[in-house]
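Trainee: my_file.pdb is the file, holding PDB, C-alpha atoms:
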```
ATOM      1  CA  MET A   1     -64.024  21.235 -36.890
ATOM      2  CA  HIS A   2     -61.017  23.266 -37.931
ATOM      3  CA  ASN A   3     -59.757  23.301 -34.314
ATOM      4  CA  SER A   4     -60.078  19.501 -33.965
ATOM      5  CA  ILE A   5     -57.330  18.804 -36.509
ATOM      6  CA  PRO A   6     -54.505  20.369 -34.461
ATOM      7  CA  MET A   7     -55.854  18.578 -31.354
ATOM      8  CA  PHE A   8     -55.839  15.285 -33.308
ATOM      9  CA  ARG A   9     -52.198  15.913 -34.305
ATOM     10  CA  TYR A  10     -51.226  16.597 -30.694
ATOM     11  CA  ALA A  11     -52.979  13.448 -29.529
ATOM     12  CA  PHE A  12     -51.285  11.410 -32.271
ATOM     13  CA  ILE A  13     -47.838  12.806 -31.427
ATOM     14  CA  LEU A  14     -48.463  12.111 -27.735
ATOM     15  CA  LEU A  15     -49.425   8.490 -28.514
ATOM     16  CA  VAL A  16     -46.274   7.999 -30.630
ATOM     17  CA  ILE A  17     -44.072   9.397 -27.857
ATOM     18  CA  LEU A  18     -45.737   7.278 -25.170
ATOM     19  CA  GLY A  19     -45.541   4.168 -27.371
ATOM     20  CA  SER A  20     -41.824   4.570 -28.061
ATOM     21  CA  TRP A  21     -41.125   5.343 -24.381
ATOM     22  CA  SER A  22     -42.942   2.214 -23.177
ATOM     23  CA  THR A  23     -41.103   0.087 -25.753
ATOM     24  CA  SER A  24     -37.711   1.354 -24.564
ATOM     25  CA  VAL A  25     -38.677   0.824 -20.899
ATOM     26  CA  SER A  26     -39.816  -2.752 -21.538
ATOM     27  CA  ALA A  27     -36.652  -3.478 -23.529
ATOM     28  CA  GLN A  28     -34.562  -2.245 -20.597
ATOM     29  CA  GLN A  29     -36.547  -4.398 -18.176
ATOM     30  CA  ASP A  30     -36.219  -7.498 -20.369
ATOM     31  CA  SER A  31     -32.425  -7.191 -20.584
ATOM     32  CA  SER A  32     -32.126  -6.838 -16.805
ATOM     33  CA  LEU A  33     -34.083 -10.078 -16.315
ATOM     34  CA  THR A  34     -31.729 -12.082 -18.516
ATOM     35  CA  PRO A  35     -29.484 -14.227 -16.308
ATOM     36  CA  LYS A  36     -25.781 -13.531 -16.515
ATOM     37  CA  ASP A  37     -23.470 -16.143 -17.989
ATOM     38  CA  ILE A  38     -22.578 -18.437 -15.091
ATOM     39  CA  HIS A  39     -18.900 -18.269 -16.108
ATOM     40  CA  LEU A  40     -18.940 -14.558 -15.202
ATOM     41  CA  LEU A  41     -20.046 -15.498 -11.688
ATOM     42  CA  ALA A  42     -18.299 -18.786 -10.893
ATOM     43  CA  GLU A  43     -15.228 -20.902 -11.570
ATOM     44  CA  PHE A  44     -15.614 -24.673 -11.712
ATOM     45  CA  THR A  45     -13.001 -27.318 -10.909
ATOM     46  CA  ASN A  46     -13.557 -30.878 -12.223
ATOM     47  CA  ALA A  47     -16.345 -29.809 -14.592
ATOM     48  CA  ASP A  48     -14.941 -32.268 -17.173
ATOM     49  CA  TYR A  49     -13.650 -35.110 -15.029
ATOM     50  CA  ASN A  50     -12.071 -38.441 -15.957
ATOM     51  CA  MET A  51     -12.756 -41.008 -13.237
ATOM     52  CA  GLY A  52     -10.348 -43.504 -14.789
ATOM     53  CA  ASN A  53     -11.060 -47.170 -14.060
ATOM     54  CA  VAL A  54     -14.115 -47.652 -11.862
ATOM     55  CA  PRO A  55     -14.830 -51.100 -10.367
ATOM     56  CA  ILE A  56     -18.068 -52.593 -11.718
ATOM     57  CA  GLY A  57     -20.652 -52.659  -8.970
ATOM     58  CA  LYS A  58     -18.597 -50.519  -6.588
ATOM     59  CA  GLY A  59     -18.473 -47.258  -8.488
ATOM     60  CA  GLY A  60     -16.847 -44.116  -7.242
ATOM     61  CA  GLU A  61     -17.414 -40.441  -6.654
ATOM     62  CA  PHE A  62     -15.706 -37.087  -7.108
ATOM     63  CA  ASN A  63     -16.237 -33.455  -6.146
ATOM     64  CA  VAL A  64     -16.994 -30.505  -8.403
ATOM     65  CA  TYR A  65     -15.776 -27.302  -6.753
ATOM     66  CA  ILE A  66     -17.609 -24.023  -7.337
ATOM     67  CA  LYS A  67     -15.975 -20.696  -6.481
ATOM     68  CA  ASN A  68     -18.060 -17.521  -6.553
ATOM     69  CA  ILE A  69     -15.896 -15.000  -8.454
ATOM     70  CA  SER A  70     -18.546 -12.267  -8.459
ATOM     71  CA  ALA A  71     -17.894  -9.068  -6.532
ATOM     72  CA  LYS A  72     -21.494  -8.772  -5.319
ATOM     73  CA  ASP A  73     -23.739 -11.652  -6.472
ATOM     74  CA  THR A  74     -24.540 -14.534  -4.135
ATOM     75  CA  LEU A  75     -24.919 -17.927  -5.823
ATOM     76  CA  MET A  76     -27.242 -20.671  -4.674
ATOM     77  CA  ILE A  77     -27.577 -24.221  -6.017
ATOM     78  CA  VAL A  78     -31.241 -25.179  -6.207
ATOM     79  CA  ASP A  79     -30.998 -28.494  -8.072
ATOM     80  CA  VAL A  80     -28.647 -30.964  -9.739
ATOM     81  CA  LYS A  81     -30.181 -32.925 -12.604
ATOM     82  CA  VAL A  82     -28.398 -36.122 -13.637
ATOM     83  CA  SER A  83     -28.543 -37.954 -16.957
ATOM     84  CA  CYS A  84     -29.385 -41.383 -15.527
ATOM     85  CA  GLY A  85     -30.144 -43.318 -12.369
ATOM     86  CA  CYS A  86     -26.537 -44.537 -12.169
ATOM     87  CA  THR A  87     -25.436 -41.040 -11.057
ATOM     88  CA  THR A  88     -26.116 -39.707  -7.563
ATOM     89  CA  PRO A  89     -25.606 -36.034  -6.658
ATOM     90  CA  LYS A  90     -24.944 -34.820  -3.109
ATOM     91  CA  TYR A  91     -25.149 -31.082  -2.449
ATOM     92  CA  ARG A  92     -26.453 -28.481  -0.043
ATOM     93  CA  SER A  93     -29.574 -27.074  -1.686
ATOM     94  CA  ASN A  94     -30.267 -23.366  -1.172
ATOM     95  CA  ASP A  95     -27.015 -22.879   0.744
ATOM     96  CA  PRO A  96     -25.666 -19.440  -0.287
ATOM     97  CA  ILE A  97     -22.221 -19.209  -1.868
ATOM     98  CA  LEU A  98     -21.131 -15.677  -1.014
ATOM     99  CA  PRO A  99     -18.756 -13.628  -3.217
ATOM    100  CA  GLY A 100     -15.212 -14.984  -2.878
ATOM    101  CA  LYS A 101     -16.392 -18.199  -1.174
ATOM    102  CA  SER A 102     -16.511 -21.779  -2.472
ATOM    103  CA  SER A 103     -18.709 -24.829  -2.216
ATOM    104  CA  TYR A 104     -18.895 -28.206  -3.902
ATOM    105  CA  ILE A 105     -21.187 -30.962  -5.079
ATOM    106  CA  THR A 106     -20.313 -34.653  -5.008
ATOM    107  CA  LEU A 107     -21.239 -36.825  -7.968
ATOM    108  CA  GLY A 108     -21.311 -40.569  -7.507
ATOM    109  CA  PHE A 109     -21.399 -43.207 -10.224
ATOM    110  CA  ASN A 110     -22.529 -46.727  -9.299
ATOM    111  CA  GLY A 111     -20.491 -48.577 -11.945
ATOM    112  CA  SER A 112     -23.338 -50.971 -12.709
ATOM    113  CA  GLY A 113     -22.409 -51.545 -16.350
ATOM    114  CA  GLY A 114     -19.097 -52.534 -17.860
ATOM    115  CA  GLY A 115     -17.005 -50.607 -20.357
ATOM    116  CA  PRO A 116     -16.478 -46.947 -21.214
ATOM    117  CA  PHE A 117     -19.018 -44.395 -19.986
ATOM    118  CA  THR A 118     -19.694 -40.672 -20.325
ATOM    119  CA  LYS A 119     -22.298 -39.077 -18.056
ATOM    120  CA  PHE A 120     -23.663 -35.577 -17.494
ATOM    121  CA  ALA A 121     -25.110 -33.561 -14.629
ATOM    122  CA  ASP A 122     -26.572 -30.056 -14.745
ATOM    123  CA  ILE A 123     -26.080 -27.759 -11.760
ATOM    124  CA  ILE A 124     -29.032 -25.339 -11.615
ATOM    125  CA  PHE A 125     -28.603 -22.017  -9.797
ATOM    126  CA  GLN A 126     -31.294 -19.830  -8.204
ATOM    127  CA  SER A 127     -31.634 -17.310 -11.014
ATOM    128  CA  GLY A 128     -31.794 -19.715 -13.921
ATOM    129  CA  GLN A 129     -28.126 -20.133 -14.751
ATOM    130  CA  SER A 130     -26.820 -23.665 -15.134
ATOM    131  CA  LYS A 131     -23.542 -25.456 -15.637
ATOM    132  CA  GLN A 132     -23.239 -28.840 -17.308
ATOM    133  CA  ILE A 133     -20.738 -31.240 -15.760
ATOM    134  CA  LYS A 134     -19.303 -34.097 -17.812
ATOM    135  CA  PHE A 135     -17.537 -37.111 -16.394
ATOM    136  CA  SER A 136     -16.246 -40.267 -17.966
ATOM    137  CA  GLY A 137     -14.259 -43.391 -17.266
ATOM    138  CA  ILE A 138     -14.208 -47.116 -17.791
ATOM    139  CA  ALA A 139     -16.179 -49.533 -15.620
ATOM    140  CA  VAL A 140     -13.911 -52.569 -15.192
ATOM    141  CA  ALA A 141     -14.152 -55.912 -13.443
ATOM    142  CA  GLU A 142     -11.934 -56.195 -10.430
ATOM    143  CA  PRO A 143      -9.253 -58.843 -10.714
ATOM    144  CA  ALA A 144     -10.110 -62.095  -8.993
ATOM    145  CA  PRO A 145      -8.320 -62.568  -5.707
ATOM    146  CA  ALA A 146      -5.193 -64.659  -5.968
ATOM    147  CA  GLU A 147      -5.566 -68.237  -4.855
ATOM    148  CA  PRO A 148      -3.595 -69.124  -1.762
ATOM    149  CA  ALA A 149      -0.401 -71.023  -2.382
ATOM    150  CA  LYS A 150      -0.793 -74.787  -2.045
ATOM    151  CA  LYS A 151       1.174 -76.553   0.646
ATOM    152  CA  GLN A 152       3.351 -79.335  -0.591
TER
END
```
Starting from the file, lay out its structure as structure tokens.
Mentor:
Amino acid sequence: MHNSIPMFRYAFILLVILGSWSTSVSAQQDSSLTPKDIHLLAEFTNADYNMGNVPIGKGGEFNVYIKNISAKDTLMIVDVKVSCGCTTPKYRSNDPILPGKSSYITLGFNGSGGGPFTKFADIIFQSGQSKQIKFSGIAVAEPAPAEPAKKQ
């Protein structure tokens, strides 16, 4: 029994070492799985866009440009989620944006309601990063066509 105590201490020390090693390994793995901030990988043009006056019922659209500023990471848009049915996204899903290259999405607004509006769209990338796009404007009635001049 006297010999079992040192063996118990060795086993305990070995368990402590293995436990702390596995904790540090899993912590390193967890941090590598965390997606990078999308602003470290891409620049966005028109991410906060003012559409100005938009004709009611005719709407309008604009492009959001995405430039991959990463030295080695390829970006890929997998989805664009819009805040309402009045917004229509057009984009090339799963089309790689290589380092140094650019792409774009087109956001359309149908102008169905009148007055000021603010809408949002979320661009979702392949590894979980996302970028929220905001656009606003005023839906206005188009002026009535001028009546033809009367002949006298």
Trainee: Can you measure CA of Thr45 (chain A) to CA of Ser130 (chain A) for me? One decimal in Å is fine.
Mentor: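 So the answer is 14.9 Å.
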Trainee: If we count all atoms listed in the file and set the cut-off at 9 Å, which residues sit around region 124-126 of chain A, ignoring sequence neighbours fewer than 4 positions away in its own chain? Please answer as number ranges by chain.
Mentor: A: 38, 75-81, 94, 130-132
Trainee: Nearest to Asn53 (chain A) among A:Asp122, A:Asp73, A:Glu147, A:Glu142, with distances taken over only C-alpha atoms: which residue is it?
Mentor: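 The shortest atom-to-atom distance to Asn53 (chain A) comes from A:Glu142.
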Trainee: Quote the spacing between CA of Phe120 (chain A) and CA of Pro99 (chain A) in Å to one decimal place.
Mentor: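 Calculated distance between CA of Phe120 (chain A) and CA of Pro99 (chain A) is 26.6 Å.
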Trainee: The PyMOL selection byres ((chain A and resi 55) around 7) on the file shown: which residues, as number ranges by chain?
Mentor: A: 53-54, 56-59, 111, 139-142
Trainee: Which residues, named as in the file, does the PyMOL selection byres ((chain A and resi 115) around 8) pick out? Answer as a PyMOL selection string.
Mentor: chain A and resi 113-114+116-117+138-140
Trainee: Applying the PyMOL selection byres ((chain A and resi 64) around 9) to the file I just gave you, which residues come out? Please list them as JSON, numbers by chain.
Mentor: {"A": [44, 45, 46, 47, 49, 62, 63, 65, 66, 103, 104, 105, 106, 107, 133]}
Trainee: Go ahead and save the picked residues with C-alpha atoms, as a PDB file, in the coordinates of the input.
Mentor:
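Wrote result_4.pdb, looks like this:
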```
ATOM      1  CA  PHE A  44     -15.614 -24.673 -11.712  1.00  0.00           C
ATOM      2  CA  THR A  45     -13.001 -27.318 -10.909  1.00  0.00           C
ATOM      3  CA  ASN A  46     -13.557 -30.878 -12.223  1.00  0.00           C
ATOM      4  CA  ALA A  47     -16.345 -29.809 -14.592  1.00  0.00           C
ATOM      5  CA  TYR A  49     -13.650 -35.110 -15.029  1.00  0.00           C
ATOM      6  CA  PHE A  62     -15.706 -37.087  -7.108  1.00  0.00           C
ATOM      7  CA  ASN A  63     -16.237 -33.455  -6.146  1.00  0.00           C
ATOM      8  CA  TYR A  65     -15.776 -27.302  -6.753  1.00  0.00           C
ATOM      9  CA  ILE A  66     -17.609 -24.023  -7.337  1.00  0.00           C
ATOM     10  CA  SER A 103     -18.709 -24.829  -2.216  1.00  0.00           C
ATOM     11  CA  TYR A 104     -18.895 -28.206  -3.902  1.00  0.00           C
ATOM     12  CA  ILE A 105     -21.187 -30.962  -5.079  1.00  0.00           C
ATOM     13  CA  THR A 106     -20.313 -34.653  -5.008  1.00  0.00           C
ATOM     14  CA  LEU A 107     -21.239 -36.825  -7.968  1.00  0.00           C
ATOM     15  CA  ILE A 133     -20.738 -31.240 -15.760  1.00  0.00           C
TER      16      ILE A 133
END
```
Trainee: Kindly give the distance, in Å, that separates CA of Leu41 (chain A) and CA of Val82 (chain A), rounded to a single decimal.
Mentor: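 Straight-line distance from CA of Leu41 (chain A) to CA of Val82 (chain A) works out to 22.3 Å.
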Trainee: Considering only C-alpha atoms, state which residue in the set A:Gly137, A:Asn68, A:Asn110, A:Cys84 is at the smallest distance from Pro96 (chain A).
Mentor: A:Asn68
